[in-house]
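Next up, work_16.cif (mmCIF, C-alpha atoms and all ligand atoms):
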```cif
data_structure
loop_
_atom_site.label_atom_id
_atom_site.label_comp_id
_atom_site.auth_asym_id
_atom_site.auth_seq_id
_atom_site.Cartn_x
_atom_site.Cartn_y
_atom_site.Cartn_z
CA MET V 1 41.78 -21.12 25.92
CA GLU V 2 40.22 -24.18 27.46
CA ASN V 3 41.79 -26.53 29.93
CA LYS V 4 41.71 -29.94 28.34
CA ASN V 5 40.60 -31.55 31.57
CA GLN V 6 37.36 -29.58 31.52
CA LEU V 7 36.03 -31.06 28.30
CA ASN V 8 32.30 -31.45 28.43
CA SER V 9 30.74 -34.70 27.19
CA ASN V 10 29.10 -32.92 24.20
CA GLU V 11 32.39 -31.47 23.08
CA ILE V 12 34.75 -32.87 20.57
CA ALA V 13 38.37 -33.50 21.44
CA CYS V 14 41.48 -32.85 19.38
CA ASP V 15 43.19 -35.96 17.95
CA ASN V 16 46.53 -34.35 18.72
CA CYS V 17 46.19 -32.98 22.26
CA GLY V 18 42.68 -33.74 23.51
CA ALA V 19 41.59 -30.09 23.89
CA LYS V 20 38.32 -28.69 22.59
CA LEU V 21 37.78 -28.40 18.83
CA ILE V 22 35.92 -25.53 17.17
CA PHE V 23 34.32 -25.68 13.73
CA LYS V 24 36.16 -23.46 11.27
CA PRO V 25 33.75 -21.59 8.93
CA GLY V 26 34.29 -22.08 5.22
CA THR V 27 36.00 -25.42 5.74
CA GLU V 28 35.03 -28.97 6.49
CA SER V 29 37.28 -29.15 9.48
CA LEU V 30 37.54 -28.43 13.17
CA THR V 31 40.42 -26.44 14.63
CA CYS V 32 41.96 -27.03 18.04
CA GLU V 33 41.80 -23.99 20.30
CA PHE V 34 44.88 -25.24 22.13
CA CYS V 35 47.41 -26.60 19.62
CA GLY V 36 45.94 -25.30 16.35
CA ALA V 37 45.68 -28.77 14.78
CA GLN V 38 43.08 -29.21 12.04
CA ASN V 39 40.76 -32.19 12.32
CA ASN V 40 38.66 -33.01 9.26
CA ILE V 41 34.96 -33.70 9.59
CA LYS V 42 34.20 -36.89 7.73
CA ILE V 43 30.81 -36.39 6.09
CA ASP V 44 29.15 -39.75 5.79
CA GLN V 45 28.19 -39.88 2.10
CA THR V 46 25.58 -42.56 2.75
CA LYS V 47 23.86 -40.09 5.06
CA GLN V 48 24.10 -37.21 2.61
CA LYS V 49 20.62 -37.98 1.24
CA GLU V 50 19.11 -37.64 4.71
CA ALA V 51 19.82 -33.92 4.77
CA HIS V 52 17.58 -33.44 1.75
CA LYS V 53 14.91 -36.00 2.60
CA GLU V 54 11.42 -34.60 2.60
CA ILE V 55 9.36 -36.17 5.32
CA ASP V 56 5.68 -36.90 4.77
CA LEU V 57 3.79 -34.76 7.29
CA LEU V 58 0.82 -37.08 7.89
CA GLU V 59 3.08 -40.09 8.27
CA PHE V 60 5.29 -38.19 10.68
CA ILE V 61 2.36 -37.05 12.81
CA SER V 62 0.94 -40.56 13.00
CA ASN V 63 4.34 -41.87 14.19
CA LYS V 64 4.80 -39.13 16.74
CA GLN V 65 5.71 -41.61 19.46
CA ASP V 66 8.78 -42.56 17.48
CA VAL V 67 11.54 -41.10 19.64
CA SER V 68 14.23 -41.74 17.01
CA ASN V 69 13.05 -38.49 15.41
CA GLU V 70 13.88 -36.56 18.56
CA TYR V 71 16.96 -35.35 20.33
CA THR V 72 17.77 -33.53 23.54
CA ILE V 73 19.61 -30.25 23.77
CA GLN V 74 20.61 -28.18 26.75
CA THR V 75 19.31 -24.64 26.59
CA VAL V 76 19.14 -21.51 28.66
CA ASN V 77 15.91 -19.51 28.65
CA CYS V 78 16.25 -15.77 28.29
CA THR V 79 13.91 -14.08 30.75
CA THR V 80 13.67 -10.95 28.60
CA CYS V 81 12.99 -12.19 25.07
CA GLY V 82 12.14 -15.85 25.65
CA ALA V 83 14.86 -17.24 23.38
CA LYS V 84 16.04 -20.74 24.20
CA THR V 85 19.66 -21.06 23.18
CA SER V 86 22.25 -23.71 23.72
CA VAL V 87 25.24 -22.49 25.67
CA ASP V 88 28.73 -23.68 26.20
CA ALA V 89 28.56 -25.84 29.29
CA ASN V 90 31.83 -24.39 30.60
CA VAL V 91 30.64 -20.80 30.52
CA VAL V 92 29.25 -19.53 33.80
CA SER V 93 27.95 -16.16 32.73
CA ASP V 94 27.12 -14.88 29.29
CA SER V 95 24.46 -12.85 27.54
CA CYS V 96 21.52 -13.55 25.27
CA SER V 97 22.50 -13.50 21.59
CA PHE V 98 19.16 -12.01 20.60
CA CYS V 99 18.62 -9.20 23.10
CA ALA V 100 21.94 -8.79 24.94
CA THR V 101 20.36 -9.48 28.35
CA PRO V 102 23.03 -10.95 30.65
CA PHE V 103 22.39 -14.51 31.78
CA VAL V 104 22.89 -14.66 35.49
CA ASN V 105 23.42 -18.01 37.20
CA THR V 106 23.35 -19.76 33.85
CA GLN V 107 21.03 -22.68 34.37
CA ALA V 108 20.78 -24.92 31.39
CA HIS V 109 18.06 -27.50 31.18
CA ASP V 110 17.16 -30.23 28.71
CA VAL V 111 14.54 -29.84 26.02
CA ARG V 112 13.28 -32.60 23.73
CA LEU V 113 12.84 -31.51 20.14
CA ILE V 114 12.38 -32.88 16.65
CA LYS V 115 15.89 -33.57 15.44
CA PRO V 116 17.15 -31.44 12.56
CA GLN V 117 18.03 -33.64 9.61
CA GLY V 118 20.42 -31.23 8.01
CA LEU V 119 22.21 -27.92 8.29
CA LEU V 120 24.24 -25.44 6.31
CA PRO V 121 27.65 -25.00 7.99
CA PHE V 122 29.00 -21.47 8.54
CA ASN V 123 30.91 -20.22 5.55
CA ILE V 124 31.57 -16.63 6.69
CA ASN V 125 33.88 -16.39 9.70
CA ALA V 126 33.63 -13.97 12.62
CA LYS V 127 36.24 -11.61 11.15
CA GLU V 128 34.37 -11.32 7.85
CA GLY V 129 31.19 -10.83 9.89
CA HIS V 130 32.78 -7.91 11.80
CA GLU V 131 33.77 -6.30 8.51
CA ALA V 132 30.21 -6.59 7.22
CA PHE V 133 28.86 -5.08 10.46
CA LYS V 134 31.33 -2.18 10.32
CA ASN V 135 30.49 -1.43 6.68
CA TRP V 136 26.80 -1.58 7.40
CA ILE V 137 27.08 0.84 10.32
CA LYS V 138 29.28 3.17 8.27
CA LYS V 139 26.63 3.46 5.59
CA LEU V 140 23.89 4.38 8.04
CA TRP V 141 23.85 8.03 7.17
CA TRP V 142 20.87 8.83 9.37
CA ALA V 143 22.05 6.87 12.39
CA PRO V 144 23.00 8.71 15.58
CA ASN V 145 26.79 9.19 15.88
CA LYS V 146 26.71 7.70 19.35
CA LEU V 147 25.42 4.47 17.91
CA LYS V 148 28.29 4.28 15.45
CA LYS V 149 30.77 4.74 18.27
CA TYR V 150 28.95 2.22 20.40
CA ALA V 151 28.86 -0.34 17.61
CA LYS V 152 32.60 0.04 17.05
CA LEU V 153 33.28 -0.75 20.68
CA ASN V 154 30.79 -3.58 20.97
CA GLU V 155 30.98 -5.42 17.75
CA LYS V 156 30.50 -8.75 19.39
CA LEU V 157 29.00 -11.17 16.95
CA GLN V 158 27.49 -14.47 17.89
CA GLY V 159 27.24 -17.34 15.44
CA ILE V 160 23.94 -19.12 15.83
CA TYR V 161 22.34 -22.06 14.08
CA VAL V 162 18.75 -20.90 13.75
CA PRO V 163 15.99 -23.51 13.34
CA TYR V 164 13.87 -23.50 10.18
CA TRP V 165 11.13 -25.61 8.65
CA THR V 166 10.71 -26.02 4.92
CA PHE V 167 7.43 -27.24 3.44
CA ASP V 168 6.40 -28.71 0.09
CA ALA V 169 2.75 -29.03 -0.92
CA ASP V 170 0.45 -29.60 -3.85
CA THR V 171 -2.32 -27.03 -3.75
CA SER V 172 -5.55 -26.63 -5.62
CA THR V 173 -7.78 -23.63 -5.02
CA ASN V 174 -11.38 -22.98 -6.02
CA TYR V 175 -12.26 -19.34 -6.17
CA SER V 176 -15.05 -16.98 -7.07
CA GLY V 177 -14.60 -13.36 -7.95
CA ALA V 178 -15.12 -10.81 -10.65
CA ARG V 179 -13.25 -9.57 -13.68
CA GLY V 180 -13.28 -5.85 -14.39
CA GLU V 181 -12.95 -4.67 -17.99
CA HIS V 182 -12.31 -1.06 -18.81
CA TYR V 183 -14.30 0.85 -21.39
CA TYR V 184 -14.46 4.52 -22.26
CA GLU V 185 -17.37 6.89 -22.52
CA THR V 186 -17.39 10.31 -24.04
CA GLU V 187 -18.48 12.91 -21.54
CA ARG V 188 -19.48 16.49 -22.37
CA TYR V 189 -18.49 19.34 -20.11
CA THR V 190 -18.17 23.10 -20.21
CA ASP V 191 -14.66 24.53 -19.83
CA SER V 192 -13.67 27.72 -18.00
CA ASP V 193 -14.26 29.81 -21.12
CA GLY V 194 -17.84 28.57 -21.26
CA LYS V 195 -17.16 26.41 -24.32
CA SER V 196 -18.65 22.96 -24.68
CA GLN V 197 -15.95 20.24 -24.75
CA SER V 198 -15.79 16.45 -24.65
CA ARG V 199 -13.47 14.03 -22.92
CA GLU V 200 -13.00 10.27 -22.59
CA VAL V 201 -13.80 8.80 -19.19
CA GLN V 202 -12.66 5.34 -18.07
CA LYS V 203 -15.35 3.04 -16.64
CA THR V 204 -15.23 -0.58 -15.48
CA ARG V 205 -17.71 -3.31 -16.33
CA TRP V 206 -17.69 -6.29 -13.93
CA TYR V 207 -18.30 -9.94 -14.80
CA ASN V 208 -18.67 -12.68 -12.22
CA VAL V 209 -16.13 -15.46 -12.61
CA SER V 210 -15.17 -18.58 -10.76
CA GLY V 211 -12.44 -21.07 -11.41
CA ARG V 212 -9.65 -23.19 -10.09
CA VAL V 213 -5.89 -22.75 -9.91
CA SER V 214 -3.27 -25.23 -8.79
CA ARG V 215 0.38 -24.97 -7.91
CA PHE V 216 3.14 -27.08 -6.41
CA PHE V 217 5.21 -25.37 -3.72
CA ASP V 218 8.79 -26.46 -3.10
CA ASP V 219 10.80 -25.63 0.04
CA VAL V 220 8.73 -22.79 1.49
CA LEU V 221 11.01 -21.57 4.28
CA VAL V 222 9.65 -20.77 7.74
CA MET V 223 11.94 -19.51 10.47
CA ALA V 224 11.08 -21.47 13.63
CA SER V 225 12.58 -18.83 15.92
CA GLU V 226 10.58 -16.08 17.57
CA SER V 227 13.73 -14.31 18.68
CA LEU V 228 14.51 -12.64 15.37
CA PRO V 229 12.13 -10.32 13.54
CA GLN V 230 10.73 -12.38 10.64
CA LYS V 231 10.89 -9.53 8.12
CA TYR V 232 14.61 -9.01 8.68
CA ALA V 233 15.28 -12.73 8.61
CA ASP V 234 13.41 -12.98 5.29
CA LYS V 235 15.89 -10.47 3.87
CA LEU V 236 18.73 -12.92 4.49
CA GLU V 237 17.31 -15.18 1.76
CA PRO V 238 18.20 -16.87 -0.53
CA TRP V 239 19.86 -19.82 1.18
CA ASP V 240 21.78 -22.42 -0.82
CA LEU V 241 19.66 -25.30 0.45
CA ASN V 242 21.11 -27.64 -2.18
CA ASN V 243 24.30 -27.66 -0.07
CA LEU V 244 22.69 -28.99 3.11
CA VAL V 245 24.80 -31.52 4.99
CA PRO V 246 23.46 -34.16 7.39
CA TYR V 247 23.09 -32.93 10.96
CA ASP V 248 26.36 -33.39 12.81
CA PRO V 249 27.15 -31.75 16.16
CA LYS V 250 30.74 -31.21 14.95
CA PHE V 251 29.58 -28.30 12.80
CA MET V 252 28.03 -26.74 15.91
CA SER V 253 31.19 -26.78 18.00
CA GLY V 254 32.04 -23.22 19.03
CA PHE V 255 28.62 -21.94 17.95
CA ARG V 256 25.29 -21.62 19.64
CA SER V 257 22.06 -23.08 18.42
CA GLU V 258 18.52 -22.11 19.16
CA ALA V 259 15.65 -24.40 20.09
CA TYR V 260 12.61 -23.86 17.88
CA GLN V 261 9.70 -21.95 19.41
CA ILE V 262 7.42 -22.32 16.40
CA ASP V 263 6.57 -26.02 16.33
CA LEU V 264 5.84 -28.14 13.27
CA GLU V 265 2.07 -27.49 13.24
CA SER V 266 2.41 -23.72 13.71
CA GLY V 267 5.21 -23.68 11.15
CA LEU V 268 2.86 -25.32 8.65
CA GLU V 269 0.29 -22.57 9.26
CA VAL V 270 2.92 -19.90 8.59
CA SER V 271 3.94 -21.66 5.37
CA LYS V 272 0.29 -21.75 4.26
CA GLN V 273 0.10 -17.98 4.74
CA LYS V 274 3.20 -17.59 2.58
CA MET V 275 1.68 -19.87 -0.07
CA GLU V 276 -1.56 -17.86 0.02
CA ILE V 277 0.22 -14.72 -1.21
CA VAL V 278 1.34 -16.61 -4.34
CA ILE V 279 -2.03 -18.34 -4.79
CA LYS V 280 -3.83 -14.98 -4.76
CA GLN V 281 -1.53 -13.77 -7.55
CA ASP V 282 -2.37 -16.95 -9.49
CA ILE V 283 -6.10 -16.27 -9.01
CA ARG V 284 -5.72 -12.70 -10.24
CA SER V 285 -3.90 -13.74 -13.39
CA ASP V 286 -6.46 -16.53 -13.94
CA ILE V 287 -9.32 -13.98 -13.66
CA GLY V 288 -7.56 -11.71 -16.13
CA GLY V 289 -9.08 -8.46 -17.37
CA ASP V 290 -8.03 -5.01 -16.24
CA GLU V 291 -9.05 -5.35 -12.58
CA GLN V 292 -9.86 -8.30 -10.37
CA GLN V 293 -11.93 -8.94 -7.28
CA ILE V 294 -11.49 -12.10 -5.22
CA ASN V 295 -14.66 -12.77 -3.24
CA SER V 296 -13.84 -16.15 -1.79
CA PHE V 297 -11.35 -18.97 -2.23
CA ASN V 298 -10.69 -22.31 -0.68
CA THR V 299 -7.34 -24.09 -0.89
CA ASN V 300 -6.75 -27.79 -0.51
CA HIS V 301 -3.17 -28.71 0.48
CA SER V 302 -2.12 -32.27 -0.20
CA ASN V 303 1.02 -34.35 -0.24
CA ILE V 304 2.59 -32.06 2.38
CA LYS V 305 6.23 -32.77 3.13
CA PHE V 306 8.67 -31.02 5.40
CA LYS V 307 12.29 -30.76 6.42
CA HIS V 308 13.71 -29.47 9.69
CA ILE V 309 17.04 -27.74 9.21
CA LEU V 310 19.43 -25.33 10.91
CA LEU V 311 20.76 -22.26 9.11
CA PRO V 312 23.85 -20.26 10.14
CA ILE V 313 23.33 -16.62 11.13
CA TRP V 314 25.78 -14.18 12.70
CA ILE V 315 23.92 -11.88 15.10
CA SER V 316 24.81 -8.77 16.99
CA ALA V 317 22.21 -7.56 19.45
CA TYR V 318 23.00 -4.05 20.59
CA ARG V 319 21.15 -1.97 23.12
CA TYR V 320 20.80 1.70 22.35
CA GLN V 321 18.75 3.99 24.58
CA ASP V 322 16.96 1.05 26.21
CA LYS V 323 15.96 -0.51 22.94
CA VAL V 324 17.43 -3.60 21.34
CA TYR V 325 18.52 -3.48 17.73
CA ARG V 326 19.58 -6.60 15.93
CA PHE V 327 22.00 -6.97 13.10
CA MET V 328 22.13 -10.24 11.14
CA ILE V 329 24.38 -11.79 8.52
CA ASN V 330 23.61 -14.79 6.36
CA GLY V 331 26.45 -17.11 7.49
CA ARG V 332 26.71 -18.55 3.97
CA THR V 333 26.59 -15.55 1.66
CA GLY V 334 27.43 -12.58 3.90
CA LYS V 335 24.14 -10.87 3.04
CA VAL V 336 23.27 -8.35 5.72
CA SER V 337 20.02 -7.24 7.33
CA GLY V 338 19.35 -5.25 10.44
CA GLU V 339 17.30 -2.92 12.60
CA ARG V 340 18.56 0.54 13.26
CA PRO V 341 17.56 3.74 14.97
CA TYR V 342 17.27 7.05 13.09
CA SER V 343 18.68 10.32 14.22
CA TRP V 344 15.79 12.72 13.76
CA ILE V 345 18.09 15.66 14.41
CA LYS V 346 20.24 14.69 11.42
CA ILE V 347 17.22 14.20 9.22
CA THR V 348 15.67 17.53 10.21
CA LEU V 349 18.94 19.39 9.68
CA ALA V 350 19.36 17.81 6.27
CA VAL V 351 15.90 18.88 5.22
CA LEU V 352 16.46 22.41 6.54
CA ALA V 353 19.77 22.57 4.74
CA GLY V 354 17.79 22.50 1.53
CA ILE V 355 18.19 18.95 0.32
CA ALA V 356 15.32 18.21 -2.02
CA VAL V 357 12.59 16.69 0.08
CA GLY V 358 11.71 14.16 -2.60
CA GLY V 359 15.29 12.93 -2.67
CA THR V 360 15.42 12.77 1.09
CA ILE V 361 12.34 10.63 1.32
CA TYR V 362 13.65 8.36 -1.41
CA TYR V 363 16.99 8.00 0.33
CA PHE V 364 15.31 7.48 3.67
CA THR V 365 13.10 4.67 2.37
CA GLU V 366 16.01 3.05 0.58
CA MET V 367 18.08 3.04 3.75
CA GLN V 368 15.41 1.25 5.74
CA GLN V 369 16.28 -2.15 4.39
ZN ZN N 1 44.99 -29.88 19.95
ZN ZN N 2 17.06 -12.53 25.11
#
```
Could you take the file, read its structure, and then write that structure out as structure tokens?
Ligand SMILES: [Zn+2]
Ligand SMILES: [Zn+2]
Amino acid sequence: MENKNQLNSNEIACDNCGAKLIFKPGTESLTCEFCGAQNNIKIDQTKQKEAHKEIDLLEFISNKQDVSNEYTIQTVNCTTCGAKTSVDANVVSDSCSFCATPFVNTQAHDVRLIKPQGLLPFNINAKEGHEAFKNWIKKLWWAPNKLKKYAKLNEKLQGIYVPYWTFDADTSTNYSGARGEHYYETERYTDSDGKSQSREVQKTRWYNVSGRVSRFFDDVLVMASESLPQKYADKLEPWDLNNLVPYDPKFMSGFRSEAYQIDLESGLEVSKQKMEIVIKQDIRSDIGGDEQQINSFNTNHSNIKFKHILLPIWISAYRYQDKVYRFMINGRTGKVSGERPYSWIKITLAVLAGIAVGGTIYYFTEMQQ
């Protein structure tokens, strides 16, 4: 519980008693830590559109001096993993949400960043997050028992607003490649009894092709954090981006936020790589035939627009045998994703105990997600 006299200037005070208010997940209100009063967040409907506004990239870059697009946040740099997270100004010592390294002599400093235009408020609360973490750990059949015990004792979850970019673009791609068409030839051979036999053999005939495909991309999501492993963060998708609300620090009260480490330009490059995977599929289906070769392609991106948003993620970073494992929950849907160690002793014993190896491998691969 906070002393009401120690309210920091960024914090929001209770209408009833003046103490600090914390955003309550799943609601549109703040709750007082001191007297329990609920204070509604008034979402400005005229600003609602801003959360969804797609900003023209070229225009934005040419107006880069425009400081109205920026804001300042106070962050602490983690010396181990490099994360820059906002911290509660009243807290003297704490630990990094992403790698569990203790912050000593918490020294926050200001960073200037592009202001997020919108966010998705937390919908899942800490208690529901703990349940999800416990269930996830329980199901880890191959995990070391020590880890399960450890996780039970240290199920500290941190709610973080993680920065993301989303990009829209019109693309058109010229390509050249080849289309492979299968045909069959009859081949004669002599079988083990010395008899002459024939069989059909599949061959491929190649034709050079070139062409052009185009596609519009909408809201390609790029996580702007380097503190979470991208492949695990991708597994938290989908996000209900249609429910974005305009950026309002009230939704952040009681939660941490992270400063982006992947800037707008680098984020755009990542989004282009994501688009490329889809474009290559388009090229292959445009080539047609039974097999395809792509020799070269060149994509033109135009009409690029972006949004900068914050998405709610519950994180538990746990250290086990000197390694950090991270567990994440989509703060909207409760979808879970995480890194975990394997107990090789358990796996070996299971195999020795006569469990079908095929089944084991299948189970093992399934459990990796
Ligand atoms: Zn109060
Ligand atoms: Zn860290």
What are the closest atom pairs, with distances in Å to one decimal, for each residue of chain V lying within 6 Å of ligand ZN 1 (chain N), using all atoms listed in the file, rows by chain and rising residue number, as a tab-separated table?
```
residue	atom	partner	partner_atom	distance
V:Cys14	CA	N:ZN1	ZN	4.6
V:Asn16	CA	N:ZN1	ZN	4.9
V:Cys17	CA	N:ZN1	ZN	4.0
V:Gly18	CA	N:ZN1	ZN	5.7
V:Ala19	CA	N:ZN1	ZN	5.2
V:Cys32	CA	N:ZN1	ZN	4.6
V:Phe34	CA	N:ZN1	ZN	5.1
V:Cys35	CA	N:ZN1	ZN	4.1
V:Gly36	CA	N:ZN1	ZN	5.9
V:Ala37	CA	N:ZN1	ZN	5.3
```
File of the preceding selection, C-alpha atoms, as a PDB file, in the coordinates of the input:
```pdb
ATOM      1  CA  CYS V  14      41.480 -32.850  19.380  1.00  0.00           C
ATOM      2  CA  ASN V  16      46.530 -34.350  18.720  1.00  0.00           C
ATOM      3  CA  CYS V  17      46.190 -32.980  22.260  1.00  0.00           C
ATOM      4  CA  GLY V  18      42.680 -33.740  23.510  1.00  0.00           C
ATOM      5  CA  ALA V  19      41.590 -30.090  23.890  1.00  0.00           C
ATOM      6  CA  CYS V  32      41.960 -27.030  18.040  1.00  0.00           C
ATOM      7  CA  PHE V  34      44.880 -25.240  22.130  1.00  0.00           C
ATOM      8  CA  CYS V  35      47.410 -26.600  19.620  1.00  0.00           C
ATOM      9  CA  GLY V  36      45.940 -25.300  16.350  1.00  0.00           C
ATOM     10  CA  ALA V  37      45.680 -28.770  14.780  1.00  0.00           C
TER      11      ALA V  37
END
```
Smallest atom-to-atom distance to ligand ZN 2 (chain N): which of V:Gly82, V:Gly180, V:Pro163, V:Gly118, using only C-alpha atoms and all ligand atoms?
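The closest residue to ligand ZN 2 (chain N) is V:Gly82.
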Considering all atoms listed in the file, state which residue in the set V:Lys235, V:Arg179, V:Arg256, V:His308 is at the smallest distance from Ser86 of chain V.
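Checking each of V:Lys235, V:Arg179, V:Arg256, V:His308 against Ser86 of chain V, counting all atoms listed in the file, the winner is V:Arg256.
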Distance table requested - chain V against ligand ZN 2 (chain N), cut-off 7 Å, only C-alpha atoms and all ligand atoms: one row per qualifying residue with the closest atom pair and its distance in Å to one decimal, ordered by chain and rising residue number, as CSV.
```
residue,atom,partner,partner_atom,distance
V:Cys78,CA,N:ZN2,ZN,4.6
V:Thr79,CA,N:ZN2,ZN,6.6
V:Thr80,CA,N:ZN2,ZN,5.1
V:Cys81,CA,N:ZN2,ZN,4.1
V:Gly82,CA,N:ZN2,ZN,6.0
V:Ala83,CA,N:ZN2,ZN,5.5
V:Cys96,CA,N:ZN2,ZN,4.6
V:Ser97,CA,N:ZN2,ZN,6.6
V:Phe98,CA,N:ZN2,ZN,5.0
V:Cys99,CA,N:ZN2,ZN,4.2
V:Ala100,CA,N:ZN2,ZN,6.2
V:Thr101,CA,N:ZN2,ZN,5.5
```
Give me the residues within 9 Å of Lys49 of chain V as a CSV table (one decimal) with C-alpha atoms, in the coordinates of the input, counting only C-alpha atoms and dropping any in the same chain fewer than 3 places off.
```
chain,number,residue,atom,x,y,z
V,45,GLN,CA,28.2,-39.9,2.1
V,46,THR,CA,25.6,-42.6,2.8
V,52,HIS,CA,17.6,-33.4,1.8
V,53,LYS,CA,14.9,-36.0,2.6
V,245,VAL,CA,24.8,-31.5,5.0
V,246,PRO,CA,23.5,-34.2,7.4
```
Measure the distance from atom CA of Phe297 of chain V to atom CA of Val220 of chain V in Å and round it to one decimal.
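Here the two named atoms are 20.8 Å from each other.
Nearest to Arg284 of chain V of all the residues V:Thr190, V:Ser176, V:Ser29, V:Gln65 is V:Ser176, based on all atoms listed in the file.
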Taking all atoms listed in the file into account, name the residue in V:Lys335, V:His109, V:Arg212, V:Arg326 that is nearest to Leu228 of chain V.
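Looking at the shortest contact to Leu228 of chain V, the residue is V:Arg326.
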Using only C-alpha atoms, list the residues that have an atom at most 12 Å from (19.0, -16.5, 11.1), coordinates as in the file, as an NGL selection string.
:V and (97-98 or 120 or 122 or 158-164 or 221-239 or 256-258 or 260 or 309-316 or 326-332 or 334-338)
Using Å and a single decimal, report how far atom CA of Val201 of chain V sits from atom CA of Glu187 of chain V.
6.7 Å
Grab the atom CA of Leu113 of chain V to atom CA of Asn39 of chain V distance for me, in Å with one decimal place.
29.0 Å
Distance query Asn295 of chain V at most 10 Å, only C-alpha atoms, self and fewer than 2 positions along chain excluded, as a ChimeraX atom specification
/V:175-178,208-210,292-293,297
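Between Gly254 of chain V and the candidates V:Ile41, V:Asp290, V:Lys64, V:Ala126, the tightest atom-to-atom separation, counting all atoms listed in the file, involves V:Ala126.
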Considering only C-alpha atoms, can you say which of V:Asp44, V:Ile294, V:Gly211, V:Gln261 comes closest to Val111 of chain V?
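That would be V:Gln261, the residue with the smallest distance to Val111 of chain V.
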Please rebuild segment 258-271 of chain V with N, CA and C atoms and return the result as a tab-separated table (two decimals), in the coordinates of the input.
```
chain	number	residue	atom	x	y	z
V	258	GLU	N	19.75	-22.51	18.49
V	258	GLU	CA	18.52	-22.11	19.16
V	258	GLU	C	17.50	-23.23	19.05
V	259	ALA	N	16.74	-23.43	20.12
V	259	ALA	CA	15.65	-24.40	20.09
V	259	ALA	C	14.46	-23.74	19.40
V	260	TYR	N	13.73	-24.50	18.56
V	260	TYR	CA	12.61	-23.86	17.88
V	260	TYR	C	11.48	-23.50	18.85
V	261	GLN	N	10.85	-22.37	18.60
V	261	GLN	CA	9.70	-21.95	19.41
V	261	GLN	C	8.42	-22.09	18.60
V	262	ILE	N	8.57	-22.09	17.27
V	262	ILE	CA	7.42	-22.32	16.40
V	262	ILE	C	7.47	-23.79	16.05
V	263	ASP	N	6.49	-24.57	16.54
V	263	ASP	CA	6.57	-26.02	16.33
V	263	ASP	C	6.10	-26.37	14.92
V	264	LEU	N	6.14	-27.67	14.63
V	264	LEU	CA	5.84	-28.14	13.27
V	264	LEU	C	4.46	-27.67	12.79
V	265	GLU	N	3.43	-27.85	13.63
V	265	GLU	CA	2.07	-27.49	13.24
V	265	GLU	C	1.94	-25.99	12.99
V	266	SER	N	2.49	-25.18	13.90
V	266	SER	CA	2.41	-23.72	13.71
V	266	SER	C	3.23	-23.29	12.50
V	267	GLY	N	4.37	-23.98	12.31
V	267	GLY	CA	5.21	-23.68	11.15
V	267	GLY	C	4.45	-23.92	9.86
V	268	LEU	N	3.66	-25.00	9.83
V	268	LEU	CA	2.86	-25.32	8.65
V	268	LEU	C	1.87	-24.19	8.37
V	269	GLU	N	1.24	-23.67	9.44
V	269	GLU	CA	0.29	-22.57	9.26
V	269	GLU	C	0.98	-21.34	8.65
V	270	VAL	N	2.18	-21.04	9.15
V	270	VAL	CA	2.92	-19.90	8.59
V	270	VAL	C	3.24	-20.13	7.11
V	271	SER	N	3.61	-21.38	6.77
V	271	SER	CA	3.94	-21.66	5.37
V	271	SER	C	2.70	-21.51	4.50
```
